[in-house]
Each structure stands twice: as C-alpha cells, then as structure tokens.
Amino acid sequence: MALITRVSRLFRADFHAVLDRIEEPDLLLRQAVREMEEELARDEQRFKLLHQEQGQFVSRKGDIDQALQEIGQELDVCFAAGQEELARSTIKRRLETERFAKYLSRKINALQQEIAGLGARIEQNRIHLDSMRQKAELLAEEHLSSRCHAPMETPDISVQPEEIEVAFLREKQNRSAS
C-alpha cells in the first residue's frame, strides 16, 4: 500500500513539473501583477470615496451640533415666555437631533475603522505588488538571457582505447625518427 502511495506521489510530482514547464511562469507572473494592480487601484478608489463620505458626515455632524445650540437657545426663549407646549415640541426636536448626532458619530467611527483597515491593506498590497514586480523583472531577464545564450551542449570527448594506441604509436614513431 505504501509503495502505491509513493508511486502516485512521484507521478503527481512529475505531472506538476511538466505543467510548470508548459505554463510559462513569466506570463503567469505578469498576469498576476496586472490583477494585483487592478485590485490595488480599486482599493485606492474605495479609500478616496470613504474619505469623501467621512468628510460629508463630519460636516453634517458640525451642522447638527450648531442646530443643537440653536435649539437650546429656543428652549430658553420658550421657558422665558411660559410657552410649555412650544417647549415640549422644541424638546422633541432636540431629542431627535441628539439621536441623529449619535448616529452620525457611530457612522463616523465606523468609517474611520474601515479607512484604517483599508489603508493598512493597501500598504500591504503595495509592498506585495512591488515584490511581485521585482520577481517578474528577474524572471523576464532570466528568460531573455536564456534565449540569447543557448545552453551549451556538452561535446562527446570520450576517447576509445584504439585511438590511444594509434596516437601512442605515432608519438613513438616521431620520437624515434628524431
């Protein structure tokens, strides 16, 4: 049983090696780099949109805080004039405005967390993309150099015993003639 497992592992390893040679790793790496660049561009666009949205919420929160101050002044006027019914209506507006202000605060905090997480992911992806680009450049250089310099074939330099004897006899003859 173990022998069959080992043979199947060897077969799979050889099969994967053949696939690796067929698939041209430099093309796959360049495609991966392109996909990473597209994803990074989408994340950066999302990052900008989140910043704009956060700015809008902060601006709106400032308007709400100003409105709360004005409502407080209106309440002072209502109580000074003895208008309890008008004061109740103003207090209702103040409570609704305060709840909306809390909602905006929660939304701003959530956006800040999302922006921080996305910013960290963008930075991490940039580092990874730079690494992949460097690998792609190295692989492209290796690919070009392998095409420019064809692998040198090892010549057959083996010498047969008969050749040795013939060369020996020639040398012996040349030395005896001199």
# chains A, B, ... in the order shown; residues from 1 in each chain; ligands from 1
call {"tool": "residues_around", "arguments": {"residues": "segment 55-61 of chain A", "least_positions_apart": "3", "cutoff": "10 Å", "atoms": "only C-alpha atoms", "output": "JSON, numbers by chain"}}
result
{"A": [49, 50, 51, 52, 64, 65, 66, 67, 100, 101, 102, 103, 104, 105, 107, 108, 111]}
call {"tool": "residues_around", "arguments": {"residues": "Arg93 of chain A", "least_positions_apart": "2", "cutoff": "12 Å", "atoms": "only C-alpha atoms", "output": "PyMOL selection string"}}
result
chain A and resi 64+67-68+70-72+74-75+86-91+95-100
call {"tool": "write_last_selection", "arguments": {"atoms": "N, CA, C and O atoms", "output": "mmCIF file, in the first residue's frame"}}
result
data_model
loop_
_atom_site.group_PDB
_atom_site.id
_atom_site.type_symbol
_atom_site.label_atom_id
_atom_site.label_comp_id
_atom_site.auth_asym_id
_atom_site.auth_seq_id
_atom_site.Cartn_x
_atom_site.Cartn_y
_atom_site.Cartn_z
ATOM 1 N N ILE A 64 -25.271 69.651 12.757
ATOM 2 C CA ILE A 64 -26.179 69.146 13.798
ATOM 3 C C ILE A 64 -25.812 69.756 15.153
ATOM 4 O O ILE A 64 -26.700 70.168 15.927
ATOM 5 N N ALA A 67 -27.097 73.180 15.221
ATOM 6 C CA ALA A 67 -28.550 73.160 15.381
ATOM 7 C C ALA A 67 -28.925 72.886 16.837
ATOM 8 O O ALA A 67 -29.895 73.475 17.362
ATOM 9 N N LEU A 68 -28.169 72.019 17.523
ATOM 10 C CA LEU A 68 -28.454 71.737 18.933
ATOM 11 C C LEU A 68 -28.266 72.989 19.793
ATOM 12 O O LEU A 68 -29.046 73.227 20.740
ATOM 13 N N GLU A 70 -28.695 76.070 18.758
ATOM 14 C CA GLU A 70 -29.831 76.943 18.441
ATOM 15 C C GLU A 70 -31.106 76.458 19.139
ATOM 16 O O GLU A 70 -31.900 77.259 19.627
ATOM 17 N N ILE A 71 -31.300 75.148 19.192
ATOM 18 C CA ILE A 71 -32.482 74.583 19.874
ATOM 19 C C ILE A 71 -32.418 74.920 21.365
ATOM 20 O O ILE A 71 -33.444 75.243 21.986
ATOM 21 N N GLY A 72 -31.209 74.860 21.947
ATOM 22 C CA GLY A 72 -31.060 75.245 23.356
ATOM 23 C C GLY A 72 -31.466 76.687 23.588
ATOM 24 O O GLY A 72 -32.137 77.003 24.589
ATOM 25 N N GLU A 74 -33.595 78.381 21.710
ATOM 26 C CA GLU A 74 -35.047 78.433 21.526
ATOM 27 C C GLU A 74 -35.771 77.961 22.783
ATOM 28 O O GLU A 74 -36.814 78.508 23.161
ATOM 29 N N LEU A 75 -35.228 76.949 23.447
ATOM 30 C CA LEU A 75 -35.833 76.457 24.686
ATOM 31 C C LEU A 75 -35.789 77.541 25.767
ATOM 32 O O LEU A 75 -36.773 77.708 26.525
ATOM 33 N N LEU A 86 -44.943 74.781 23.362
ATOM 34 C CA LEU A 86 -43.907 75.061 22.377
ATOM 35 C C LEU A 86 -42.564 74.494 22.855
ATOM 36 O O LEU A 86 -41.781 73.974 22.053
ATOM 37 N N ALA A 87 -42.335 74.526 24.176
ATOM 38 C CA ALA A 87 -41.102 73.981 24.751
ATOM 39 C C ALA A 87 -41.063 72.463 24.551
ATOM 40 O O ALA A 87 -39.997 71.894 24.247
ATOM 41 N N ARG A 88 -42.223 71.806 24.754
ATOM 42 C CA ARG A 88 -42.281 70.357 24.539
ATOM 43 C C ARG A 88 -41.928 70.005 23.078
ATOM 44 O O ARG A 88 -41.203 69.051 22.810
ATOM 45 N N SER A 89 -42.480 70.725 22.160
ATOM 46 C CA SER A 89 -42.212 70.489 20.746
ATOM 47 C C SER A 89 -40.731 70.722 20.443
ATOM 48 O O SER A 89 -40.110 69.968 19.682
ATOM 49 N N THR A 90 -40.138 71.729 21.044
ATOM 50 C CA THR A 90 -38.720 72.029 20.846
ATOM 51 C C THR A 90 -37.850 70.950 21.486
ATOM 52 O O THR A 90 -36.818 70.550 20.909
ATOM 53 N N ILE A 91 -38.268 70.450 22.657
ATOM 54 C CA ILE A 91 -37.529 69.364 23.317
ATOM 55 C C ILE A 91 -37.577 68.103 22.465
ATOM 56 O O ILE A 91 -36.576 67.395 22.325
ATOM 57 N N LEU A 95 -34.308 66.128 21.124
ATOM 58 C CA LEU A 95 -34.063 64.695 21.329
ATOM 59 C C LEU A 95 -33.812 63.985 20.001
ATOM 60 O O LEU A 95 -32.901 63.144 19.888
ATOM 61 N N GLU A 96 -34.626 64.295 18.998
ATOM 62 C CA GLU A 96 -34.427 63.690 17.677
ATOM 63 C C GLU A 96 -33.070 64.090 17.084
ATOM 64 O O GLU A 96 -32.365 63.253 16.514
ATOM 65 N N THR A 97 -32.712 65.342 17.260
ATOM 66 C CA THR A 97 -31.448 65.849 16.733
ATOM 67 C C THR A 97 -30.276 65.198 17.469
ATOM 68 O O THR A 97 -29.260 64.848 16.849
ATOM 69 N N GLU A 98 -30.397 65.007 18.783
ATOM 70 C CA GLU A 98 -29.338 64.349 19.553
ATOM 71 C C GLU A 98 -29.165 62.897 19.116
ATOM 72 O O GLU A 98 -28.039 62.414 19.001
ATOM 73 N N ARG A 99 -30.265 62.215 18.869
ATOM 74 C CA ARG A 99 -30.180 60.829 18.395
ATOM 75 C C ARG A 99 -29.506 60.763 17.023
ATOM 76 O O ARG A 99 -28.713 59.869 16.754
ATOM 77 N N PHE A 100 -29.860 61.721 16.167
ATOM 78 C CA PHE A 100 -29.236 61.755 14.849
ATOM 79 C C PHE A 100 -27.740 62.051 14.985
ATOM 80 O O PHE A 100 -26.922 61.473 14.265
#
call {"tool": "closest_residue", "arguments": {"among": "A:Asn125, A:Ser158, A:Gln113, A:Ser131", "to": "Leu40 of chain A", "atoms": "only C-alpha atoms"}}
result
A:Asn125
call {"tool": "atom_distance", "arguments": {"atom1": "atom CA of Gln45 of chain A", "atom2": "atom CA of Asp63 of chain A"}}
result
27.4 Å
call {"tool": "residues_around", "arguments": {"residues": "Arg126 of chain A", "least_positions_apart": "6", "cutoff": "12 Å", "atoms": "only C-alpha atoms", "output": "list in words"}}
result
Val33, Met36, Glu37, Glu38, Glu39, Leu40, Ala41, Asp43, Glu44, Gly119, Ala120, Met132 and Arg133 of chain A
call {"tool": "write_last_selection", "arguments": {"atoms": "C-alpha atoms", "output": "mmCIF file, in the first residue's frame"}}
result
data_model
loop_
_atom_site.group_PDB
_atom_site.id
_atom_site.type_symbol
_atom_site.label_atom_id
_atom_site.label_comp_id
_atom_site.auth_asym_id
_atom_site.auth_seq_id
_atom_site.Cartn_x
_atom_site.Cartn_y
_atom_site.Cartn_z
ATOM 1 C CA VAL A 33 0.907 41.521 -11.363
ATOM 2 C CA MET A 36 -2.849 42.911 -8.314
ATOM 3 C CA GLU A 37 -2.517 46.382 -9.883
ATOM 4 C CA GLU A 38 -6.235 46.373 -10.734
ATOM 5 C CA GLU A 39 -7.182 45.307 -7.208
ATOM 6 C CA LEU A 40 -4.912 47.954 -5.721
ATOM 7 C CA ALA A 41 -6.497 50.628 -7.949
ATOM 8 C CA ASP A 43 -8.914 49.672 -3.162
ATOM 9 C CA GLU A 44 -7.398 53.134 -3.625
ATOM 10 C CA GLY A 119 -5.248 51.830 4.379
ATOM 11 C CA ALA A 120 -3.270 49.038 6.044
ATOM 12 C CA MET A 132 5.951 40.592 -7.435
ATOM 13 C CA ARG A 133 7.133 43.222 -9.932
#
call {"tool": "closest_residue", "arguments": {"among": "A:Lys135, A:Ala81, A:Pro161, A:Lys48", "to": "Leu28 of chain A", "atoms": "only C-alpha atoms"}}
result
A:Lys135
call {"tool": "atom_distance", "arguments": {"atom1": "atom CA of Ile115 of chain A", "atom2": "atom CA of Arg34 of chain A"}}
result
24.2 Å
call {"tool": "closest_residue", "arguments": {"among": "A:Glu165, A:Asp130, A:Ile4, A:Arg46", "to": "Leu118 of chain A", "atoms": "only C-alpha atoms"}}
result
A:Arg46
